file input33.txt (compact mmCIF, C-alpha atoms and all ligand atoms)
# COMPACT_ATOMS: atom_id res chain seq x y z
CA MET A 11 147.26 33.71 119.34
CA LYS A 12 146.25 37.00 120.87
CA VAL A 13 142.92 38.43 122.02
CA PHE A 14 142.07 42.06 121.26
CA LYS A 15 139.11 43.83 122.83
CA PHE A 16 137.63 47.03 121.45
CA GLY A 17 135.20 49.00 123.62
CA GLY A 18 132.32 51.27 122.72
CA ALA A 19 134.48 54.39 122.50
CA SER A 20 136.75 52.84 119.85
CA VAL A 21 133.86 51.99 117.50
CA LYS A 22 131.51 54.89 118.16
CA ASN A 23 131.49 55.97 114.48
CA ALA A 24 132.67 54.96 111.00
CA GLU A 25 136.08 56.52 111.55
CA GLY A 26 136.43 54.38 114.68
CA VAL A 27 135.63 51.19 112.76
CA ARG A 28 138.22 52.11 110.10
CA ASN A 29 140.75 52.77 112.83
CA VAL A 30 140.04 49.37 114.43
CA ALA A 31 140.68 47.73 111.03
CA LYS A 32 143.99 49.64 110.79
CA ILE A 33 145.06 48.44 114.23
CA ILE A 34 144.17 44.83 113.37
CA ASN A 35 146.13 45.14 110.12
CA ARG A 36 149.30 46.00 112.05
CA TYR A 37 149.34 42.44 113.42
CA SER A 38 150.00 39.23 111.56
CA ASP A 39 149.27 37.01 114.60
CA ASN A 40 146.24 34.74 114.87
CA LEU A 41 143.65 36.98 116.50
CA VAL A 42 140.32 36.86 118.29
CA VAL A 43 138.70 40.30 118.22
CA VAL A 44 136.06 40.96 120.87
CA SER A 45 133.91 44.06 120.56
CA SER A 46 131.39 45.91 122.72
CA ALA A 47 128.36 47.73 121.39
CA MET A 48 129.09 50.96 119.51
CA GLY A 49 129.39 54.20 121.47
CA LYS A 50 126.67 54.52 124.10
CA ILE A 51 124.30 52.06 122.41
CA THR A 52 123.97 49.86 125.51
CA ASN A 53 122.51 52.82 127.43
CA LEU A 54 120.03 53.37 124.61
CA LEU A 55 119.11 49.68 124.57
CA GLU A 56 118.57 49.78 128.34
CA THR A 57 115.90 52.44 127.78
CA LEU A 58 114.46 50.33 124.95
CA GLY A 59 114.31 47.24 127.16
CA LYS A 60 112.51 49.24 129.84
CA ALA A 61 110.04 50.80 127.38
CA TYR A 62 109.28 47.37 125.89
CA PHE A 63 108.81 45.78 129.30
CA GLU A 64 106.64 48.61 130.62
CA LYS A 65 104.72 48.91 127.33
CA ASP A 66 104.87 52.69 127.68
CA GLY A 67 104.65 53.41 123.95
CA LYS A 68 108.21 54.73 123.66
CA ALA A 69 109.80 51.57 122.24
CA ASP A 70 109.18 52.40 118.55
CA SER A 71 111.01 55.69 118.58
CA ILE A 72 113.95 54.28 120.57
CA PHE A 73 114.18 51.36 118.15
CA ASN A 74 114.25 53.84 115.25
CA SER A 75 117.15 55.74 116.88
CA PHE A 76 119.00 52.43 117.31
CA LYS A 77 118.55 51.64 113.62
CA ALA A 78 119.37 55.17 112.44
CA TYR A 79 122.63 55.26 114.43
CA HIS A 80 123.92 52.04 112.86
CA ASN A 81 122.56 52.85 109.38
CA GLU A 82 124.50 56.13 109.45
CA ILE A 83 127.74 54.30 110.31
CA CYS A 84 127.08 51.70 107.58
CA ALA A 85 126.35 54.45 105.05
CA GLU A 86 129.88 55.78 105.60
CA LEU A 87 131.51 52.35 105.53
CA PHE A 88 129.88 50.41 102.71
CA GLU A 89 129.40 50.82 98.99
CA GLU A 90 126.26 52.60 97.86
CA ARG A 91 125.74 53.57 101.52
CA LYS A 92 124.05 50.20 101.99
CA THR A 93 123.59 48.54 105.38
CA PRO A 94 124.67 44.87 104.97
CA ASP A 95 121.85 42.31 104.78
CA SER A 96 123.14 40.54 107.91
CA VAL A 97 122.72 43.78 109.91
CA GLN A 98 119.28 44.47 108.44
CA ASN A 99 118.24 40.94 109.42
CA LEU A 100 119.22 41.73 113.00
CA PHE A 101 117.05 44.86 112.96
CA THR A 102 114.14 42.71 111.76
CA GLU A 103 114.81 40.17 114.50
CA LEU A 104 114.73 42.92 117.14
CA GLU A 105 111.57 44.42 115.65
CA ILE A 106 109.83 41.02 115.79
CA LYS A 107 110.90 40.66 119.41
CA LEU A 108 109.54 44.11 120.29
CA ASN A 109 106.18 43.24 118.74
CA LYS A 110 105.76 40.27 121.05
CA THR A 111 104.33 40.53 124.54
CA PRO A 112 107.14 40.59 127.11
CA SER A 113 107.35 37.93 129.81
CA LEU A 114 107.07 38.92 133.46
CA ASP A 115 110.82 38.63 134.03
CA PHE A 116 112.45 42.03 133.54
CA ASP A 117 116.03 40.75 133.80
CA PHE A 118 115.37 38.15 131.12
CA GLU A 119 113.81 40.69 128.76
CA TYR A 120 116.65 43.15 129.43
CA ASP A 121 119.24 40.63 128.22
CA GLN A 122 117.23 39.69 125.11
CA VAL A 123 117.08 43.35 124.03
CA VAL A 124 120.42 44.76 125.23
CA SER A 125 122.44 42.00 123.53
CA PHE A 126 121.51 43.45 120.12
CA GLY A 127 124.16 46.14 120.66
CA GLU A 128 127.06 43.68 120.56
CA MET A 129 125.44 41.56 117.84
CA THR A 130 125.10 44.61 115.57
CA SER A 131 128.53 46.13 116.22
CA THR A 132 130.39 42.88 115.58
CA LEU A 133 128.51 42.20 112.34
CA ILE A 134 129.36 45.68 111.07
CA ILE A 135 133.03 45.29 112.05
CA SER A 136 133.27 41.82 110.51
CA GLU A 137 131.55 42.88 107.27
CA TYR A 138 133.78 45.95 107.04
CA LEU A 139 136.97 43.93 107.58
CA ASN A 140 135.87 41.53 104.84
CA VAL A 141 135.22 44.26 102.29
CA ALA A 142 138.45 45.99 103.32
CA GLY A 143 140.28 42.77 102.41
CA ARG A 144 140.90 41.34 105.88
CA LYS A 145 139.22 37.94 105.79
CA ASN A 146 137.64 36.97 109.09
CA LYS A 147 135.01 34.75 110.60
CA TRP A 148 132.17 36.21 112.66
CA ILE A 149 131.20 34.06 115.63
CA ASP A 150 128.00 34.27 117.63
CA ILE A 151 129.56 33.87 121.09
CA ARG A 152 126.23 32.58 122.42
CA THR A 153 126.97 29.28 120.70
CA CYS A 154 129.93 28.67 123.02
CA LEU A 155 130.08 31.04 126.03
CA ARG A 156 127.79 29.14 128.38
CA THR A 157 126.38 30.72 131.52
CA ASP A 158 123.82 30.05 134.22
CA ASN A 159 120.43 31.73 133.95
CA LYS A 160 121.03 34.65 136.29
CA PHE A 161 119.99 37.21 133.70
CA ARG A 162 121.86 40.57 133.75
CA ASP A 163 124.62 39.09 135.90
CA ALA A 164 125.25 35.60 134.58
CA SER A 165 128.10 33.37 135.80
CA VAL A 166 130.24 31.44 133.34
CA ASP A 167 130.09 27.65 133.12
CA TRP A 168 133.84 27.28 132.64
CA GLU A 169 133.97 23.60 131.80
CA LEU A 170 131.37 23.71 129.06
CA THR A 171 132.63 27.04 127.75
CA GLU A 172 136.18 25.72 127.43
CA LYS A 173 134.99 22.68 125.51
CA LEU A 174 132.83 24.68 123.12
CA VAL A 175 135.15 27.67 122.67
CA THR A 176 138.20 25.56 121.83
CA GLY A 177 136.13 23.68 119.23
CA ILE A 178 134.90 26.85 117.56
CA PHE A 179 137.94 29.14 117.76
CA ASN A 180 140.27 26.43 116.45
CA PHE A 181 142.27 28.47 113.90
CA GLU A 182 142.25 25.49 111.52
CA LYS A 183 141.06 27.48 108.53
CA GLU A 184 140.88 30.97 110.02
CA ARG A 185 143.39 33.49 111.28
CA LEU A 186 140.96 36.12 112.53
CA TYR A 187 137.70 35.76 114.42
CA VAL A 188 135.33 38.60 115.36
CA THR A 189 132.92 38.09 118.25
CA GLN A 190 130.87 39.83 120.94
CA GLY A 191 131.85 40.83 124.43
CA PHE A 192 129.40 41.01 127.35
CA ILE A 193 126.91 38.37 126.18
CA GLY A 194 126.54 34.61 126.51
CA ALA A 195 123.77 32.01 126.61
CA THR A 196 122.34 29.33 128.85
CA THR A 197 122.33 25.66 127.86
CA TRP A 198 118.79 26.35 126.58
CA ASN A 199 120.24 29.00 124.26
CA LEU A 200 118.65 31.90 126.10
CA THR A 201 120.76 35.03 125.82
CA THR A 202 122.38 36.31 129.01
CA THR A 203 124.70 39.21 129.86
CA LEU A 204 127.68 39.26 132.21
CA GLY A 205 127.02 42.66 133.84
CA ARG A 206 127.61 46.17 132.51
CA GLU A 207 131.08 46.83 131.06
CA GLY A 208 131.55 43.05 130.86
CA SER A 209 133.34 42.92 127.50
CA ASP A 210 136.79 43.16 129.10
CA PHE A 211 135.81 40.07 131.08
CA THR A 212 134.80 38.21 127.88
CA ALA A 213 138.25 38.94 126.42
CA ALA A 214 139.82 37.46 129.57
CA ILE A 215 137.56 34.38 129.44
CA LEU A 216 138.55 33.71 125.82
CA GLY A 217 142.20 34.43 126.62
CA ASN A 218 142.08 31.90 129.45
CA VAL A 219 140.37 29.03 127.65
CA LEU A 220 142.34 29.52 124.43
CA ASN A 221 145.65 29.93 126.33
CA ALA A 222 146.31 33.22 124.58
CA GLU A 223 149.80 34.67 124.44
CA SER A 224 148.31 37.97 125.64
CA VAL A 225 145.08 39.96 125.85
CA SER A 226 145.01 43.62 124.79
CA ILE A 227 142.19 46.00 125.57
CA TRP A 228 142.18 49.12 123.40
CA LYS A 229 140.99 52.25 125.20
CA ASP A 230 140.73 56.02 124.70
CA VAL A 231 143.51 56.57 127.30
CA PRO A 232 147.28 55.91 126.97
CA GLY A 233 147.06 53.07 129.53
CA VAL A 234 146.24 52.80 133.21
CA LEU A 235 146.79 56.24 134.73
CA SER A 236 147.23 57.37 138.33
CA ALA A 237 143.62 58.64 138.25
CA ASP A 238 140.73 59.00 135.84
CA PRO A 239 141.82 61.88 133.55
CA LYS A 240 138.18 62.95 133.26
CA LYS A 241 138.13 63.66 137.01
CA MET A 242 141.66 64.77 137.90
CA GLU A 243 144.44 66.78 136.31
CA GLY A 244 148.13 65.88 136.30
CA THR A 245 147.73 62.11 135.95
CA VAL A 246 150.73 59.96 135.06
CA LYS A 247 150.74 56.70 133.10
CA ILE A 248 151.73 53.55 134.95
CA ASP A 249 153.91 51.31 132.77
CA ALA A 250 153.44 48.04 134.64
CA LEU A 251 151.13 46.73 137.34
CA SER A 252 150.73 43.41 139.11
CA TYR A 253 147.42 41.57 138.78
CA ARG A 254 146.88 42.22 142.47
CA GLU A 255 147.34 45.98 142.15
CA ALA A 256 145.04 46.06 139.11
CA VAL A 257 142.32 44.08 140.84
CA GLU A 258 142.45 46.34 143.92
CA MET A 259 142.25 49.46 141.75
CA THR A 260 139.39 48.26 139.60
CA TYR A 261 137.42 46.80 142.49
CA SER A 262 137.69 50.19 144.22
CA GLY A 263 136.12 51.80 141.18
CA ALA A 264 138.78 52.56 138.54
CA LYS A 265 136.55 52.12 135.51
CA VAL A 266 139.34 51.54 133.01
CA ILE A 267 139.13 47.72 133.33
CA HIS A 268 136.27 45.52 134.50
CA PRO A 269 137.33 44.05 137.88
CA LYS A 270 136.49 40.46 136.84
CA THR A 271 139.06 40.62 134.03
CA MET A 272 142.11 39.89 136.16
CA LYS A 273 141.30 36.45 137.64
CA PRO A 274 141.14 34.40 134.40
CA LEU A 275 144.37 36.00 133.23
CA HIS A 276 146.18 35.69 136.55
CA ASN A 277 145.21 32.00 136.75
CA LYS A 278 147.05 31.29 133.50
CA GLY A 279 149.76 33.96 133.81
CA ILE A 280 148.55 35.75 130.67
CA SER A 281 149.64 39.39 130.30
CA LEU A 282 146.98 42.07 129.91
CA TYR A 283 147.91 45.13 127.85
CA VAL A 284 145.93 48.34 128.15
CA LYS A 285 146.68 50.32 125.01
CA SER A 286 145.45 53.44 123.27
CA PHE A 287 143.48 53.01 120.07
CA LEU A 288 144.37 56.64 119.35
CA SER A 289 148.14 56.03 119.48
CA PRO A 290 148.67 52.31 118.93
CA ASP A 291 152.46 52.71 118.66
CA ASP A 292 152.74 53.69 122.31
CA GLU A 293 153.56 51.10 124.94
CA GLY A 294 150.47 51.40 127.17
CA THR A 295 150.36 49.52 130.47
CA VAL A 296 151.14 45.86 131.02
CA ILE A 297 149.50 43.93 133.86
CA HIS A 298 151.33 40.72 134.64
CA ASN A 299 153.15 38.72 137.33
CA ILE A 300 155.45 41.01 139.28
CA ASP A 301 157.25 39.26 142.12
CA HIS A 302 159.37 42.20 143.30
CA LYS A 303 158.37 45.46 144.90
CA ILE A 304 157.85 48.27 142.39
CA GLU A 305 157.50 51.95 143.17
CA LEU A 306 154.06 53.24 142.28
CA PRO A 307 152.81 56.81 142.51
CA PRO A 308 149.73 57.49 144.66
CA ILE A 309 146.75 56.18 142.67
CA PHE A 310 143.42 57.99 143.10
CA ILE A 311 140.08 56.34 142.57
CA GLN A 312 136.69 57.97 142.99
CA LYS A 313 133.50 55.95 143.11
CA GLU A 314 130.34 58.00 142.94
CA ASN A 315 126.72 57.13 143.81
CA GLN A 316 127.61 55.46 147.07
CA VAL A 317 125.20 55.02 149.94
CA LEU A 318 126.14 54.70 153.59
CA VAL A 319 123.78 52.41 155.49
CA THR A 320 124.13 52.16 159.26
CA LEU A 321 122.46 49.25 161.02
CA SER A 322 122.17 49.30 164.81
CA PRO A 323 120.63 46.37 166.76
CA LYS A 324 117.36 47.51 168.28
CA ASP A 325 118.05 45.72 171.58
CA PHE A 326 121.37 47.58 172.04
CA SER A 327 123.43 44.38 171.75
CA PHE A 328 126.94 44.40 170.26
CA ILE A 329 127.42 43.76 166.55
CA ASN A 330 128.60 40.17 166.35
CA ILE A 331 129.59 37.69 163.67
CA GLU A 332 125.97 36.44 163.30
CA ASP A 333 124.85 39.97 162.46
CA ILE A 334 127.53 40.25 159.81
CA GLU A 335 126.62 36.86 158.37
CA ARG A 336 122.91 37.66 158.30
CA VAL A 337 123.47 41.03 156.63
CA VAL A 338 125.97 39.72 154.07
CA ASN A 339 123.63 36.86 153.04
CA PHE A 340 120.73 39.27 152.86
CA LEU A 341 122.66 41.66 150.61
CA LYS A 342 123.78 38.81 148.35
CA GLU A 343 120.19 37.66 147.89
CA ASN A 344 119.19 41.21 147.01
CA ARG A 345 122.15 41.61 144.62
CA VAL A 346 123.52 44.60 146.52
CA THR A 347 127.28 45.14 146.24
CA VAL A 348 129.14 46.29 149.33
CA THR A 349 132.20 48.41 148.65
CA LEU A 350 133.28 48.84 152.25
CA MET A 351 132.25 47.63 155.68
CA GLN A 352 133.11 48.95 159.13
CA GLN A 353 131.78 48.10 162.56
CA SER A 354 131.77 49.70 165.97
CA ALA A 355 130.16 48.41 169.17
CA ILE A 356 126.57 48.81 168.08
CA ASP A 357 126.82 50.08 164.49
CA LEU A 358 127.44 48.15 161.32
CA ASN A 359 128.33 50.56 158.53
CA LEU A 360 127.94 49.41 154.94
CA VAL A 361 128.96 51.39 151.89
CA LEU A 362 126.96 50.29 148.85
CA ASN A 363 126.61 51.08 145.18
CA ASP A 364 123.30 52.94 145.02
CA PRO A 365 120.91 50.11 144.09
CA ASP A 366 118.19 50.39 141.40
CA ALA A 367 115.46 49.47 143.86
CA LYS A 368 114.32 51.71 146.73
CA LEU A 369 116.50 51.36 149.83
CA GLU A 370 113.45 51.29 152.11
CA ASN A 371 112.13 48.26 150.25
CA ILE A 372 115.45 46.44 150.20
CA PHE A 373 116.07 46.89 153.91
CA GLN A 374 112.51 46.26 155.06
CA GLU A 375 113.33 42.69 156.04
CA LEU A 376 116.09 43.87 158.41
CA MET A 377 114.02 46.56 160.05
CA PRO A 378 112.55 44.34 162.78
CA PHE A 379 116.11 43.74 164.07
CA TYR A 380 117.95 46.97 163.35
CA THR A 381 117.44 50.68 163.26
CA VAL A 382 118.40 51.54 159.69
CA ARG A 383 119.84 54.93 158.71
CA TYR A 384 120.98 56.11 155.25
CA ASN A 385 123.09 58.77 153.62
CA ILE A 386 122.88 58.92 149.85
CA GLY A 387 124.83 60.68 147.07
CA LEU A 388 128.28 60.03 148.54
CA THR A 389 131.65 59.48 146.87
CA LEU A 390 134.17 56.92 148.02
CA ILE A 391 137.72 58.19 147.49
CA THR A 392 140.44 55.57 147.55
CA ILE A 393 144.17 56.33 147.48
CA ARG A 394 146.47 53.39 146.90
CA HIS A 395 150.10 54.00 147.98
CA TYR A 396 149.08 57.11 149.88
CA THR A 397 151.58 59.66 151.19
CA GLU A 398 151.33 62.29 153.95
CA GLU A 399 150.70 64.89 151.27
CA THR A 400 147.85 62.98 149.65
CA LEU A 401 146.28 62.33 153.05
CA ASP A 402 146.39 66.08 153.78
CA TRP A 403 144.65 66.64 150.46
CA MET A 404 142.00 64.14 151.41
CA VAL A 405 141.39 65.68 154.82
CA LYS A 406 140.58 68.99 153.13
CA LYS A 407 137.51 67.31 151.64
CA LYS A 408 134.42 68.44 153.48
CA ASP A 409 131.90 66.27 155.27
CA ILE A 410 133.72 63.01 155.88
CA TYR A 411 131.24 60.23 156.64
CA LEU A 412 133.66 57.36 157.15
CA GLU A 413 137.38 56.74 156.95
CA GLN A 414 139.50 53.59 156.73
CA HIS A 415 143.27 53.23 156.41
CA SER A 416 145.29 50.10 155.84
CA ARG A 417 148.99 49.67 155.03
CA LEU A 418 148.64 50.59 151.36
CA THR A 419 145.17 52.03 151.06
CA ALA A 420 143.36 55.04 152.48
CA ARG A 421 139.62 55.32 151.95
CA MET A 422 137.28 58.15 152.69
CA LEU A 423 133.57 58.49 152.13
CA VAL A 424 132.68 62.12 151.42
CA LYS A 425 129.95 64.40 150.19
CA GLN A 426 131.55 66.24 147.22
P1 LIG A 501 135.63 50.96 126.90
O1 LIG A 501 135.60 51.82 125.67
O2 LIG A 501 136.48 49.77 126.74
O3 LIG A 501 134.27 50.67 127.44
P2 LIG A 501 135.85 52.57 129.26
O4 LIG A 501 135.23 53.87 128.83
O5 LIG A 501 135.02 51.66 130.07
O6 LIG A 501 136.39 51.82 127.97
O7 LIG A 501 137.24 52.83 130.02
C1 LIG A 501 138.08 53.87 129.64
C2 LIG A 501 137.85 55.07 130.55
O8 LIG A 501 138.22 54.71 131.86
C3 LIG A 501 138.72 56.27 130.25
O9 LIG A 501 138.16 57.10 129.27
C4 LIG A 501 138.83 56.98 131.61
O10 LIG A 501 137.94 58.07 131.71
C5 LIG A 501 138.37 55.92 132.60
N1 LIG A 501 139.32 55.71 133.71
C6 LIG A 501 138.97 55.59 135.02
N2 LIG A 501 140.03 55.41 135.79
C7 LIG A 501 141.12 55.38 134.98
C8 LIG A 501 142.51 55.19 135.20
N3 LIG A 501 143.01 54.99 136.41
N4 LIG A 501 143.33 55.18 134.12
C9 LIG A 501 142.84 55.36 132.88
N5 LIG A 501 141.52 55.55 132.60
C10 LIG A 501 140.66 55.57 133.64
N1 LIG A 502 128.25 47.23 125.94
C1 LIG A 502 128.27 46.79 127.32
C2 LIG A 502 128.16 48.00 128.24
O1 LIG A 502 128.17 49.13 127.77
C3 LIG A 502 129.49 45.97 127.66
C4 LIG A 502 130.80 46.70 127.55
O2 LIG A 502 130.86 47.75 126.91
O3 LIG A 502 131.79 46.18 128.07
O4 LIG A 502 128.03 47.82 129.42
MG MG A 503 133.15 50.28 128.83
call {"tool": "encode", "arguments": {"input": "input33.txt", "output": "structure tokens", "more": "lines below"}}
Ligand code: ADP
Ligand code: ASP
Ligand code: MG
result
Amino acid sequence: MKVFKFGGASVKNAEGVRNVAKIINRYSDNLVVVSSAMGKITNLLETLGKAYFEKDGKADSIFNSFKAYHNEICAELFEERKTPDSVQNLFTELEIKLNKTPSLDFDFEYDQVVSFGEMTSTLIISEYLNVAGRKNKWIDIRTCLRTDNKFRDASVDWELTEKLVTGIFNFEKERLYVTQGFIGATTWNLTTTLGREGSDFTAAILGNVLNAESVSIWKDVPGVLSADPKKMEGTVKIDALSYREAVEMTYSGAKVIHPKTMKPLHNKGISLYVKSFLSPDDEGTVIHNIDHKIELPPIFIQKENQVLVTLSPKDFSFINIEDIERVVNFLKENRVTVTLMQQSAIDLNLVLNDPDAKLENIFQELMPFYTVRYNIGLTLITIRHYTEETLDWMVKKKDIYLEQHSRLTARMLVKQ
């Protein structure tokens, strides 16, 4: 069996849903289809979750936009322009939720609301495939993808998930399943999410536990390119990458694949294909085991919204391993992701994704020990397989805040 994952861009409108059905129909294999929410619906649901939690009176109109967006797509897909009952029932379920008083836990409420994006998209896709003659079974992934209760960033309970997933996706009577990316549930059946853009990861989880032949993620690009085509011209497609290369690229900020996708696939040696839903005949990129050296072009990655934090011990002592340990534990507790770290005698430099919360509040606890300085609005440029020429190009960037070179990777933090 194979796992296919379709992201928001592939199902952003009725034409997209029809195209997904066409792609599925090209394959006679047993398939699990994982889908994200349609278009930019997760962003909309984030604003809905916030409005509901803050009771600011905006929830009703955002909910109406959510409904209108999906009703419009259904009108184009189904007979008599009718939204299927199953989808209407979901709208009612969300409306009931929004009429209740929220709990005091924002992350919990966020997951309860935001998960409606994936629930709605997969029901529409499944219903459409059925009426278009491609029989399939819709699965609520929350019945089998078990997580802990760290809402908004839940971790998978692999043992339980494997047991439940293999029971449900058993292919005894079915050849095609349709299910949600990004969401899961605790053992108490409370909905959780795996972190933004997490649907690629879901596809890899299912691929791993079901021992898939391969996992394919269908994107709006021809495959993995040497840079994000939205940010750079003259990109070239890379035909094949090792898991290691892919994980380095995505961890550095190449948004084409969620960085957590590679581990479950690497662990079972399952190939990951990145293919274009706009030209499904084309080869795309394969990510798999490569045990020989392959020539790769310089690969450019830009990660925006970075913050440089410099911590200097107030008593002028050297930065030592205890400082690093204390700071790393502190950042973990505060859910702050570090993209790069560098130390000198009395400075510890941390490059972070700009956190939601105020930096002053986050770092307050460290202030008795360190002088804390910040620079915000920075971009981290990474070049894998850099050359002299690409380094020259980098150096022309103005206002370099920090630089780090290793054998294969050059990194530079700049103000663009
Ligand atoms: P999905 O629809 O699955 O959510 P994304 O929008 O998250 O897909 O990922 C596809 C996007 O990733 C592309 O449109 C492209 O702008 C971006 N991207 C960033 N880096 C790369 C890269 N190196 N190669 C290809 N695409 C990239
Ligand atoms: N819909 C979710 C998001 O936009 C998950 C995903 O698309 O992978 O973050
Ligand atoms: Mg995405």
call {"tool": "atom_distance", "arguments": {"input": "input33.txt", "atom1": "CA of Ile135 (chain A)", "atom2": "CA of Asp39 (chain A)"}}
result
18.4 Å
call {"tool": "residues_near_ligand", "arguments": {"input": "input33.txt", "ligand": "ligand MG 503 (chain A)", "cutoff": "9 Å", "atoms": "all atoms listed in the file", "output": "PDB file with C-alpha atoms, keeping the file's coordinate frame"}}
result
ATOM      1  CA  GLY A  17     135.200  49.000 123.620  1.00  0.00           C
ATOM      2  CA  GLY A  18     132.320  51.270 122.720  1.00  0.00           C
ATOM      3  CA  ALA A  19     134.480  54.390 122.500  1.00  0.00           C
ATOM      4  CA  SER A  46     131.390  45.910 122.720  1.00  0.00           C
ATOM      5  CA  ARG A 206     127.610  46.170 132.510  1.00  0.00           C
ATOM      6  CA  GLU A 207     131.080  46.830 131.060  1.00  0.00           C
ATOM      7  CA  GLY A 208     131.550  43.050 130.860  1.00  0.00           C
ATOM      8  CA  SER A 209     133.340  42.920 127.500  1.00  0.00           C
ATOM      9  CA  ASP A 210     136.790  43.160 129.100  1.00  0.00           C
ATOM     10  CA  LYS A 229     140.990  52.250 125.200  1.00  0.00           C
ATOM     11  CA  LYS A 265     136.550  52.120 135.510  1.00  0.00           C
ATOM     12  CA  VAL A 266     139.340  51.540 133.010  1.00  0.00           C
ATOM     13  CA  ILE A 267     139.130  47.720 133.330  1.00  0.00           C
ATOM     14  CA  HIS A 268     136.270  45.520 134.500  1.00  0.00           C
TER      15      HIS A 268
END
call {"tool": "atom_distance", "arguments": {"input": "input33.txt", "atom1": "CA of Ile311 (chain A)", "atom2": "CA of Pro232 (chain A)"}}
result
17.2 Å
call {"tool": "residues_near_ligand", "arguments": {"input": "input33.txt", "ligand": "ligand LIG 502 (chain A)", "cutoff": "10 Å", "atoms": "only C-alpha atoms and all ligand atoms", "output": "VMD selection string"}}
result
chain A and resid 15 to 19 44 to 56 124 to 128 131 190 to 193 203 to 213 267 to 268
call {"tool": "residues_around", "arguments": {"input": "input33.txt", "residues": "Lys77 (chain A)", "least_positions_apart": "4", "cutoff": "9 Å", "atoms": "only C-alpha atoms", "output": "PyMOL selection string"}}
result
chain A and resi 72-73+81-82+98+101
call {"tool": "residues_near_point", "arguments": {"input": "input33.txt", "point": "(123.7, 44.2, 148.6)", "cutoff": "10 Å", "atoms": "all atoms listed in the file", "output": "PyMOL selection string"}}
result
chain A and resi 337-349+360-365+372-373
call {"tool": "atom_distance", "arguments": {"input": "input33.txt", "atom1": "CA of Gln316 (chain A)", "atom2": "CA of Glu398 (chain A)"}}
result
25.6 Å
call {"tool": "axis_aligned_box", "arguments": {"input": "input33.txt", "around": "ligand LIG 501 (chain A)", "padding_each_side": "8 Å", "output": "JSON"}}
result
{"center_x": 138.8, "center_y": 53.9, "center_z": 131.0, "size_x": 25.1, "size_y": 24.3, "size_z": 26.7}
call {"tool": "closest_residue", "arguments": {"input": "input33.txt", "among": "A:Thr320, A:Pro290, A:Ser236, A:Ser71", "to": "Arg36 (chain A)", "atoms": "all atoms listed in the file"}}
result
A:Pro290
